[in-house]
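As stored in start_3.cif (mmCIF, C-alpha atoms):
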```
data_entry
#
loop_
_atom_site.label_atom_id
_atom_site.label_comp_id
_atom_site.auth_asym_id
_atom_site.auth_seq_id
_atom_site.Cartn_x
_atom_site.Cartn_y
_atom_site.Cartn_z
CA MET A 1 -20.07 14.79 27.26
CA ASP A 2 -20.54 11.20 28.34
CA VAL A 3 -17.46 10.42 30.39
CA VAL A 4 -18.75 8.20 33.17
CA GLY A 5 -18.67 4.60 32.08
CA ASP A 6 -21.96 2.79 32.40
CA VAL A 7 -22.46 -0.97 31.91
CA ARG A 8 -25.88 -2.42 31.05
CA ILE A 9 -27.09 -5.86 30.12
CA GLU A 10 -29.94 -5.75 27.62
CA PRO A 11 -31.88 -8.76 26.39
CA ALA A 12 -31.87 -9.35 22.67
CA GLU A 13 -33.12 -12.38 20.82
CA GLU A 14 -33.69 -15.52 22.79
CA GLY A 15 -30.43 -16.92 24.08
CA VAL A 16 -28.54 -13.70 23.37
CA ALA A 17 -27.66 -10.82 25.68
CA VAL A 18 -26.08 -7.50 24.81
CA VAL A 19 -23.64 -5.84 27.17
CA VAL A 20 -23.69 -2.13 26.35
CA LEU A 21 -20.73 -0.01 27.41
CA THR A 22 -21.59 3.68 27.48
CA GLY A 23 -19.01 6.42 27.92
CA GLU A 24 -15.41 5.82 28.94
CA HIS A 25 -14.12 2.51 30.27
CA ASP A 26 -10.80 1.68 31.85
CA LEU A 27 -9.35 -0.12 34.84
CA GLY A 28 -11.84 1.78 37.03
CA SER A 29 -14.87 0.15 35.40
CA LEU A 30 -13.17 -3.15 34.57
CA PRO A 31 -14.76 -5.08 37.49
CA ARG A 32 -18.27 -4.05 36.40
CA VAL A 33 -17.53 -4.94 32.78
CA ARG A 34 -16.20 -8.36 33.76
CA ASP A 35 -19.18 -8.95 36.06
CA ALA A 36 -21.55 -8.23 33.17
CA PHE A 37 -19.72 -10.60 30.83
CA ASP A 38 -19.68 -13.28 33.54
CA ALA A 39 -23.40 -12.82 34.18
CA VAL A 40 -24.22 -13.41 30.51
CA ALA A 41 -21.96 -16.46 30.42
CA GLY A 42 -23.56 -17.70 33.65
CA GLU A 43 -26.95 -17.64 31.98
CA GLY A 44 -25.54 -19.66 29.13
CA LYS A 45 -26.29 -16.96 26.57
CA SER A 46 -24.45 -15.78 23.49
CA LEU A 47 -22.83 -12.38 23.98
CA ILE A 48 -22.80 -9.20 21.98
CA VAL A 49 -20.57 -6.41 23.30
CA ASP A 50 -22.00 -3.12 22.08
CA LEU A 51 -19.27 -0.49 21.82
CA CYS A 52 -21.32 1.93 19.66
CA PRO A 53 -22.02 4.29 22.59
CA THR A 54 -18.50 3.82 24.02
CA SER A 55 -16.22 6.85 23.90
CA PHE A 56 -13.02 5.24 25.24
CA VAL A 57 -11.63 1.80 26.08
CA ASP A 58 -8.21 0.93 27.40
CA SER A 59 -6.31 -2.33 27.03
CA SER A 60 -7.72 -3.78 30.27
CA ILE A 61 -11.21 -3.62 28.72
CA LEU A 62 -9.92 -5.10 25.48
CA GLY A 63 -8.42 -7.91 27.55
CA ALA A 64 -11.79 -8.53 29.22
CA ILE A 65 -13.49 -8.61 25.80
CA LEU A 66 -10.93 -11.15 24.58
CA ASP A 67 -11.49 -13.26 27.70
CA ALA A 68 -15.26 -13.11 27.16
CA ARG A 69 -14.83 -14.27 23.60
CA ARG A 70 -12.69 -17.18 24.76
CA THR A 71 -15.31 -18.16 27.34
CA ALA A 72 -18.10 -18.01 24.74
CA THR A 73 -16.12 -19.89 22.13
CA ASP A 74 -15.06 -22.61 24.58
CA ALA A 75 -18.73 -23.12 25.49
CA ALA A 76 -19.75 -23.12 21.80
CA ARG A 77 -21.79 -19.97 22.30
CA GLY A 78 -21.93 -17.02 19.93
CA PHE A 79 -19.87 -13.87 20.38
CA ALA A 80 -19.66 -10.59 18.48
CA VAL A 81 -18.71 -6.96 19.02
CA ALA A 82 -20.67 -4.03 17.63
CA CYS A 83 -18.80 -0.79 16.96
CA ASP A 84 -19.94 1.86 14.51
CA GLY A 85 -16.62 3.72 14.64
CA SER A 86 -18.24 6.99 15.70
CA ALA A 87 -15.85 7.40 18.65
CA GLU A 88 -12.35 8.00 17.34
CA PRO A 89 -10.48 6.55 20.35
CA VAL A 90 -12.42 3.28 20.17
CA ARG A 91 -12.14 2.96 16.40
CA ARG A 92 -8.44 3.70 16.56
CA VAL A 93 -7.58 1.29 19.36
CA LEU A 94 -9.39 -1.55 17.59
CA GLU A 95 -7.53 -0.72 14.40
CA VAL A 96 -4.08 -0.35 15.97
CA THR A 97 -4.35 -3.58 17.96
CA GLY A 98 -5.74 -5.51 14.99
CA LEU A 99 -8.72 -6.54 17.11
CA GLY A 100 -11.14 -4.93 14.65
CA LYS A 101 -10.53 -7.89 12.34
CA GLU A 102 -9.74 -10.46 14.97
CA LEU A 103 -12.81 -10.24 17.21
CA PRO A 104 -14.97 -9.90 14.87
CA VAL A 105 -16.32 -6.33 14.98
CA LEU A 106 -19.54 -5.47 13.15
CA PRO A 107 -20.82 -1.95 12.44
CA SER A 108 -24.07 -2.14 14.45
CA ARG A 109 -25.89 -4.18 17.06
CA GLU A 110 -28.20 -5.54 14.35
CA ALA A 111 -25.27 -6.60 12.22
CA ALA A 112 -23.70 -8.25 15.25
CA LEU A 113 -26.92 -10.16 15.95
CA ALA A 114 -27.05 -11.26 12.32
CA GLY A 115 -23.37 -12.19 12.59
CA LEU A 116 -24.14 -14.63 15.38
CA GLY A 117 -26.11 -16.67 12.87
CA GLY A 118 -23.08 -18.54 11.67
CA GLN A 119 -21.77 -19.24 15.17
CA GLY A 120 -22.86 -21.49 17.94
CA ARG A 121 -26.05 -20.09 19.49
CA ALA A 122 -27.08 -20.71 23.01
CA MET B 1 10.26 42.01 23.54
CA ILE B 2 10.21 39.03 21.23
CA ALA B 3 7.06 36.95 21.44
CA GLU B 4 7.80 33.23 21.62
CA ALA B 5 5.48 30.39 20.73
CA ALA B 6 5.26 29.38 24.37
CA ALA B 7 4.66 25.83 25.47
CA THR B 8 1.72 25.14 27.77
CA GLU B 9 2.52 22.79 30.61
CA LEU B 10 -0.08 20.74 32.46
CA ARG B 11 0.82 18.88 35.64
CA LEU B 12 -1.47 16.47 37.42
CA GLY B 13 -0.55 14.49 40.53
CA PHE B 14 -2.88 11.89 41.98
CA ALA B 15 -3.13 8.78 44.10
CA ALA B 16 -2.44 5.60 42.11
CA ARG B 17 -6.01 4.31 41.98
CA PRO B 18 -8.04 3.05 39.01
CA ASP B 19 -10.82 5.59 39.48
CA ASN B 20 -8.35 8.44 38.94
CA LEU B 21 -7.50 7.50 35.34
CA ALA B 22 -10.56 9.38 34.09
CA LEU B 23 -9.16 12.59 35.60
CA VAL B 24 -6.11 12.32 33.37
CA ARG B 25 -8.18 11.95 30.22
CA GLN B 26 -10.40 14.89 31.08
CA ALA B 27 -7.41 17.09 31.87
CA LEU B 28 -5.91 16.16 28.49
CA ALA B 29 -9.22 16.81 26.74
CA GLY B 30 -9.29 20.25 28.34
CA LEU B 31 -5.74 20.91 27.21
CA ALA B 32 -6.72 19.87 23.69
CA ASP B 33 -9.68 22.25 23.79
CA GLY B 34 -7.51 25.12 24.85
CA GLU B 35 -4.65 24.40 22.50
CA GLY B 36 -6.74 23.51 19.45
CA ILE B 37 -5.50 19.93 19.32
CA SER B 38 -7.64 17.83 17.00
CA GLU B 39 -9.50 14.60 17.67
CA ILE B 40 -6.96 12.01 16.52
CA PRO B 41 -3.94 13.29 18.46
CA LEU B 42 -6.19 13.77 21.48
CA ALA B 43 -7.38 10.16 21.18
CA ASP B 44 -3.75 9.07 21.06
CA LEU B 45 -2.81 11.16 24.09
CA LYS B 46 -5.71 9.77 26.11
CA GLN B 47 -4.82 6.21 25.19
CA ILE B 48 -1.12 6.59 25.98
CA ALA B 49 -1.76 8.37 29.28
CA THR B 50 -4.37 5.82 30.35
CA GLU B 51 -2.19 2.82 29.47
CA ALA B 52 0.86 4.32 31.18
CA CYS B 53 -1.09 5.27 34.31
CA MET B 54 -2.73 1.84 34.37
CA ASN B 55 0.71 0.22 34.33
CA ALA B 56 1.71 2.46 37.23
CA VAL B 57 -1.46 1.62 39.18
CA VAL B 58 -1.22 -2.12 38.60
CA HIS B 59 2.53 -2.68 38.62
CA GLY B 60 4.12 0.43 40.10
CA TYR B 61 3.48 -0.20 43.76
CA PRO B 62 3.51 -3.39 45.82
CA GLU B 63 0.10 -4.98 45.99
CA GLY B 64 -2.15 -2.98 48.28
CA GLY B 65 0.45 -0.25 48.64
CA GLU B 66 -0.37 3.40 48.17
CA GLY B 67 1.50 5.54 45.73
CA ARG B 68 1.58 8.69 43.67
CA ILE B 69 1.47 9.21 39.92
CA ASP B 70 2.48 12.42 38.20
CA VAL B 71 1.38 13.23 34.67
CA THR B 72 2.96 16.11 32.80
CA ALA B 73 1.85 17.20 29.35
CA VAL B 74 3.73 19.92 27.52
CA ALA B 75 1.92 21.23 24.46
CA SER B 76 4.24 22.94 22.01
CA PRO B 77 3.45 23.99 18.46
CA GLY B 78 3.16 20.73 16.52
CA SER B 79 3.46 18.23 19.35
CA VAL B 80 2.63 17.24 22.89
CA GLU B 81 5.17 15.58 25.15
CA LEU B 82 3.62 13.40 27.79
CA ARG B 83 5.39 12.11 30.89
CA VAL B 84 3.90 9.62 33.32
CA ARG B 85 5.97 9.11 36.44
CA ASP B 86 5.47 6.83 39.41
CA TRP B 87 7.65 6.47 42.48
CA GLY B 88 7.23 2.75 42.98
CA ILE B 89 9.26 -0.41 42.60
CA GLY B 90 10.49 0.35 39.09
CA PHE B 91 10.18 -1.35 35.74
CA ARG B 92 11.02 -5.02 36.14
CA PRO B 93 10.38 -8.36 34.48
CA ARG B 94 7.11 -10.04 35.36
CA PRO B 95 6.07 -13.60 34.74
CA ALA B 96 3.50 -13.75 31.97
CA GLU B 97 0.96 -15.63 34.07
CA ALA B 98 0.76 -12.69 36.47
CA GLU B 99 -0.27 -10.34 33.69
CA HIS B 100 -4.02 -10.80 33.40
CA SER B 101 -5.09 -8.61 30.53
CA LEU B 102 -2.40 -5.96 30.46
CA ARG B 103 -0.18 -7.44 27.79
CA LEU B 104 -1.47 -4.98 25.22
CA GLY B 105 -0.54 -1.79 27.06
CA LEU B 106 3.08 -1.07 26.13
CA PRO B 107 2.82 -2.33 22.53
CA LEU B 108 -0.24 -0.12 22.16
CA ILE B 109 1.70 2.90 23.39
CA ALA B 110 4.56 2.03 21.05
CA ALA B 111 2.17 1.76 18.12
CA ILE B 112 0.43 5.09 18.58
CA ALA B 113 3.13 7.37 20.02
CA ASP B 114 5.35 9.13 17.52
CA SER B 115 8.20 8.33 19.88
CA PHE B 116 8.33 6.85 23.35
CA GLN B 117 10.81 5.73 25.95
CA ILE B 118 10.80 4.27 29.41
CA ALA B 119 13.30 5.32 32.04
CA SER B 120 14.16 4.13 35.51
CA PRO B 121 15.05 7.37 37.29
CA ALA B 122 17.88 7.20 39.80
CA ASP B 123 15.54 8.16 42.64
CA GLY B 124 13.23 5.25 41.96
CA GLY B 125 10.05 4.45 40.11
CA THR B 126 9.39 4.49 36.41
CA GLU B 127 8.95 7.30 33.95
CA LEU B 128 7.36 6.86 30.56
CA MET B 129 7.82 9.62 28.03
CA ALA B 130 5.87 9.81 24.79
CA ARG B 131 5.54 12.39 22.07
CA VAL B 132 2.47 12.79 19.91
CA LEU B 133 2.55 15.04 16.87
CA THR B 134 -0.41 17.36 16.68
CA SER B 135 0.14 19.24 13.44
CA GLU B 136 -1.81 18.30 10.32
CA ASN B 137 1.25 17.17 8.45
CA GLY B 138 3.09 15.92 11.50
CA HIS B 139 3.00 12.28 10.53
CA SER B 140 4.87 12.90 7.30
CA GLU B 141 7.94 13.65 9.39
CA HIS B 142 8.56 9.90 9.62
CA SER B 143 10.54 9.83 6.43
CA SER B 144 14.07 9.05 7.59
CA THR B 145 15.55 5.91 6.10
CA PRO B 146 16.66 3.25 8.56
CA PRO B 147 20.30 2.14 8.33
CA ALA B 148 21.01 -0.59 5.78
CA ILE B 149 20.81 -4.19 7.02
CA PRO B 150 24.38 -5.53 7.38
CA ARG B 151 25.18 -8.53 5.23
CA GLU B 152 26.27 -10.21 8.46
CA ALA B 153 27.33 -7.88 11.24
CA GLU B 154 29.14 -4.62 11.72
CA LEU B 155 30.96 -3.46 14.80
CA ALA B 156 32.63 -0.22 15.85
CA ILE B 157 34.64 0.42 19.00
CA SER B 158 36.73 3.36 20.11
CA ALA B 159 40.40 2.73 19.43
CA GLY B 160 42.08 1.87 22.71
CA THR B 161 42.44 -0.92 25.21
CA SER B 162 38.96 -2.36 24.75
CA ALA B 163 39.23 -2.69 20.96
CA LYS B 164 41.44 -5.78 21.14
CA PRO B 165 39.29 -8.02 23.36
CA VAL B 166 36.06 -6.96 21.67
CA ILE B 167 37.27 -7.58 18.14
CA ALA B 168 39.03 -10.81 19.14
CA ARG B 169 35.88 -12.26 20.68
CA VAL B 170 33.61 -11.21 17.83
CA LEU B 171 35.96 -12.60 15.18
CA ALA B 172 36.32 -15.81 17.19
CA ILE B 173 32.58 -16.43 17.33
CA ALA B 174 32.19 -15.52 13.66
CA ALA B 175 34.96 -17.98 12.73
CA SER B 176 33.47 -20.70 14.94
CA ARG B 177 30.06 -20.15 13.42
CA ALA B 178 31.56 -20.45 9.95
CA GLY B 179 32.81 -23.90 10.91
CA PHE B 180 36.49 -23.00 11.22
CA SER B 181 38.80 -25.40 13.01
CA LEU B 182 40.16 -24.29 16.36
CA ASP B 183 43.48 -23.38 14.74
CA ARG B 184 41.80 -21.18 12.20
CA VAL B 185 39.65 -19.55 14.88
CA SER B 186 42.89 -18.68 16.68
CA ASP B 187 44.24 -17.22 13.47
CA GLY B 188 41.17 -15.04 13.22
CA VAL B 189 41.78 -13.82 16.75
CA LEU B 190 45.40 -12.93 15.91
CA ILE B 191 44.25 -11.00 12.85
CA GLY B 192 41.75 -9.17 15.04
CA ASP B 193 44.55 -8.30 17.46
CA ALA B 194 46.59 -6.87 14.62
CA ILE B 195 43.64 -4.75 13.49
CA ALA B 196 43.01 -3.52 17.02
CA ALA B 197 46.66 -2.61 17.39
CA GLY B 198 46.31 0.01 14.63
CA GLN B 199 46.98 3.64 15.46
CA ALA B 200 43.82 5.42 16.60
CA ASP B 201 44.60 8.40 14.36
CA ASP B 202 44.50 6.20 11.30
CA PHE B 203 40.86 5.31 11.86
CA ASP B 204 38.08 7.66 10.86
CA SER B 205 36.60 9.19 14.07
CA ARG B 206 39.21 7.19 16.03
CA ARG B 207 36.89 4.19 15.88
CA VAL B 208 37.93 0.72 14.78
CA SER B 209 35.04 -0.41 12.58
CA ILE B 210 34.74 -3.87 11.09
CA GLU B 211 32.14 -5.61 8.95
CA ILE B 212 32.03 -9.36 9.00
CA GLU B 213 30.41 -11.69 6.51
CA GLU B 214 30.76 -15.30 5.48
CA CYS B 215 31.99 -15.46 1.89
CA GLY B 216 31.66 -19.04 0.77
CA PRO B 217 33.57 -21.17 3.26
CA ASN B 218 35.70 -18.17 4.23
CA LEU B 219 35.25 -15.19 6.51
CA CYS B 220 35.50 -11.77 4.92
CA VAL B 221 36.35 -8.88 7.20
CA ARG B 222 36.23 -5.28 6.04
CA VAL B 223 38.00 -2.85 8.35
CA GLY B 224 37.44 0.90 8.15
CA PRO B 225 36.79 3.53 7.16
CA PHE B 226 40.27 4.87 7.67
CA VAL B 227 41.50 8.38 7.20
CA ALA B 228 43.34 8.83 3.90
CA GLY B 229 46.40 6.60 3.94
CA GLY B 230 45.36 4.95 7.21
CA ALA B 231 44.60 1.52 5.72
CA SER B 232 47.97 1.45 3.97
CA ARG B 233 49.77 2.38 7.17
CA LEU B 234 47.97 -0.39 9.08
CA LEU B 235 48.81 -2.83 6.30
CA HIS B 236 52.47 -1.85 6.41
CA ARG B 237 52.56 -2.26 10.17
CA MET B 238 51.14 -5.75 9.70
CA GLN B 239 53.89 -6.54 7.26
CA VAL B 240 56.84 -5.48 9.37
CA PRO B 241 58.81 -8.38 10.79
CA GLY B 242 57.01 -10.04 13.66
CA LEU B 243 53.37 -9.07 13.47
CA GLY B 244 53.41 -8.43 9.74
CA VAL B 245 54.75 -11.83 8.87
CA SER B 246 52.16 -13.61 10.94
CA ILE B 247 49.31 -11.71 9.31
CA ALA B 248 50.65 -12.40 5.86
CA LYS B 249 50.57 -16.08 6.67
CA LEU B 250 47.26 -16.14 8.45
CA ALA B 251 45.02 -14.25 6.07
CA ASP B 252 44.23 -15.68 2.65
CA ARG B 253 43.95 -12.23 1.18
CA PHE B 254 44.13 -8.65 2.31
CA GLU B 255 43.94 -5.51 0.25
CA VAL B 256 43.29 -1.81 0.53
CA VAL B 257 40.10 -0.70 -1.17
CA SER B 258 38.67 2.80 -1.48
CA ASP B 259 35.16 4.01 -2.17
CA ASP B 260 33.35 7.31 -1.71
CA VAL B 261 33.04 6.64 2.03
CA GLY B 262 36.76 6.22 2.55
CA GLU B 263 39.55 3.71 2.69
CA PHE B 264 39.04 0.15 3.86
CA LEU B 265 41.14 -2.93 4.48
CA ALA B 266 39.56 -6.09 3.08
CA ILE B 267 40.75 -9.32 4.71
CA GLU B 268 39.69 -12.83 3.79
CA ILE B 269 40.33 -15.56 6.32
CA GLY B 270 39.80 -19.03 5.00
CA ALA B 271 40.93 -22.61 4.84
CA GLY B 272 44.55 -21.57 4.55
CA GLY B 273 47.03 -20.74 1.82
CA VAL B 274 49.75 -18.20 1.42
CA ALA B 275 48.53 -14.64 1.51
CA ARG B 276 48.86 -12.46 -1.48
CA VAL B 277 48.84 -8.73 -1.06
CA ALA B 278 46.68 -7.07 -3.66
CA GLY B 279 46.08 -3.45 -4.47
CA SER B 280 48.85 -2.07 -2.31
#
```
Would you encode the structure as structure tokens?
Amino acid sequence: MDVVGDVRIEPAEEGVAVVVLTGEHDLGSLPRVRDAFDAVAGEGKSLIVDLCPTSFVDSSILGAILDARRTATDAARGFAVACDGSAEPVRRVLEVTGLGKELPVLPSREAALAGLGGQGRA
Amino acid sequence: MIAEAAATELRLGFAARPDNLALVRQALAGLADGEGISEIPLADLKQIATEACMNAVVHGYPEGGEGRIDVTAVASPGSVELRVRDWGIGFRPRPAEAEHSLRLGLPLIAAIADSFQIASPADGGTELMARVLTSENGHSEHSSTPPAIPREAELAISAGTSAKPVIARVLAIAASRAGFSLDRVSDGVLIGDAIAAGQADDFDSRRVSIEIEECGPNLCVRVGPFVAGGASRLLHRMQVPGLGVSIAKLADRFEVVSDDVGEFLAIEIGAGGVARVAGS
């Protein structure tokens, strides 16, 4: 039972970083999540937010993801979210808020990387 | 002794701090384990509780202030009722720019709860109540039909002293909106007064109910339902010398109509003309 939210930045292709959220994330982990997003933006890299190992997100985390997308888009850098839908709370919140279509959300980290192809790349 | 399907109540009180939100979710997950609540309703309960507690943490207490949050979950057969209570400054308007990323919280709760409400208890703070259905077929219970959309507007007020000013004002704005001259707006008000002056016993449930719609350039007002014979009695009172004469002159048409709901008085107020009484 992975309940403690962990935030990691993992390198991917050149100019791309993946922020992996493991476990549950809410207002308690929000500062660490924002710091990770800011760090990737600070390095001028495109961002993939990997929610595949995430078991819960609240609206404060969704807000941070939306802010990160805005930052990336404004700087003409790529942005994508990976979510395989294996965690019901995450799948459901993306569906209910309409963010599953809006963000965009792709079913794996690989698909998200491929999805960056059509966007601005750092 | 008769065995009842007892409800299980969980209560959790904690300091309003972000790192305590995880406690709530784990307590709910434990309740779900024990009560056999499946994954989707549990996901909904966790989301609602987290969003509500987050609102309490962020907005419930003055910045930097300490406070308490109480979460109660009552699991009954088929549903869980969740209450999140703080003792802070209460639910109040906030400028959008002060929101940061929390704009999604309440709409999210509204979208996933089967019902929810927010209260401002008399002794302060805010209480959010939400119900989540947990039975397999629970979601099919949402089959009630909403009330029909009025063609324009419908209004009901208990017969009595407030009926007259309420109906007068509503008819006046409806007449103004329909482009009536000031004189004709005043006529509408007088007609409203005559309706409001009806005997309470003549109205179904002792409520004066009116429907208003624009019909061409005119205003059509349907009053009722009345108890049997009530519309006719109101009509006759309008026609007695004094009040009755003025109504006859002011309305273009008024008639008693009946359908399976009951008896109604249909009045058309327009650009003028001598009233003709139909159907009486």
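Here the PyMOL selection byres ((chain A) within 7 of (chain B)) catches exactly these residues: Leu27, Gly28, Asp58, Ser59, Ser60, Gly63, Ala64, Glu88, Pro89, Val96 and Thr97 of chain A.
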Around the point (-10.9, -10.9, 24.5) in the file's coordinates, collect all residues with an atom within 12 Å, using only C-alpha atoms, and return them as number ranges by chain. A: 34, 37, 49, 59-73, 79-81, 94, 97, 99-100, 102-105; B: 100-104
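We find CA of Phe203 in chain B and CA of Phe180 in chain B to be spaced 28.7 Å apart.
The space separating CA of Leu28 in chain B from CA of Arg83 in chain B comes to 12.2 Å.
Of the listed residues B:Glu268, B:Asp183, B:Asp260, B:Glu9, the one whose atoms come nearest to Ile212 in chain B is B:Glu268, with distances taken using all atoms listed in the file.
Applied to the shown file, the PyMOL selection byres ((chain A and resi 35) around 12) selects the residues Val7, Arg8, Ile9, Val19, Ser29, Leu30, Pro31, Arg32, Val33, Arg34, Ala36, Phe37, Asp38, Ala39, Val40, Ala41, Gly42, Ala64, Ile65 and Ala68 of chain A.
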For the provided coordinates, the residues matched by the PyMOL selection byres ((chain A and resi 53) around 8) should be stated as a ChimeraX atom specification. /A:20-23,50-52,54-55,87
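Checking B:Asp201, B:Glu214, B:Glu127, B:Glu154 one by one against Asp70 in chain B, counting only C-alpha atoms, you find the shortest gap at B:Glu127.
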Quick one, how far is CA of Val166 in chain B from CA of Ala231 in chain B? 20.0 Å
Which centre and edge lengths in Å to one decimal define the box along x, y and z that fits every listed atom of range 230-235 of chain B plus 4 Å per side, as JSON?
```
{"center_x": 47.2, "center_y": 1.1, "center_z": 6.5, "size_x": 13.2, "size_y": 15.8, "size_z": 13.1}
```
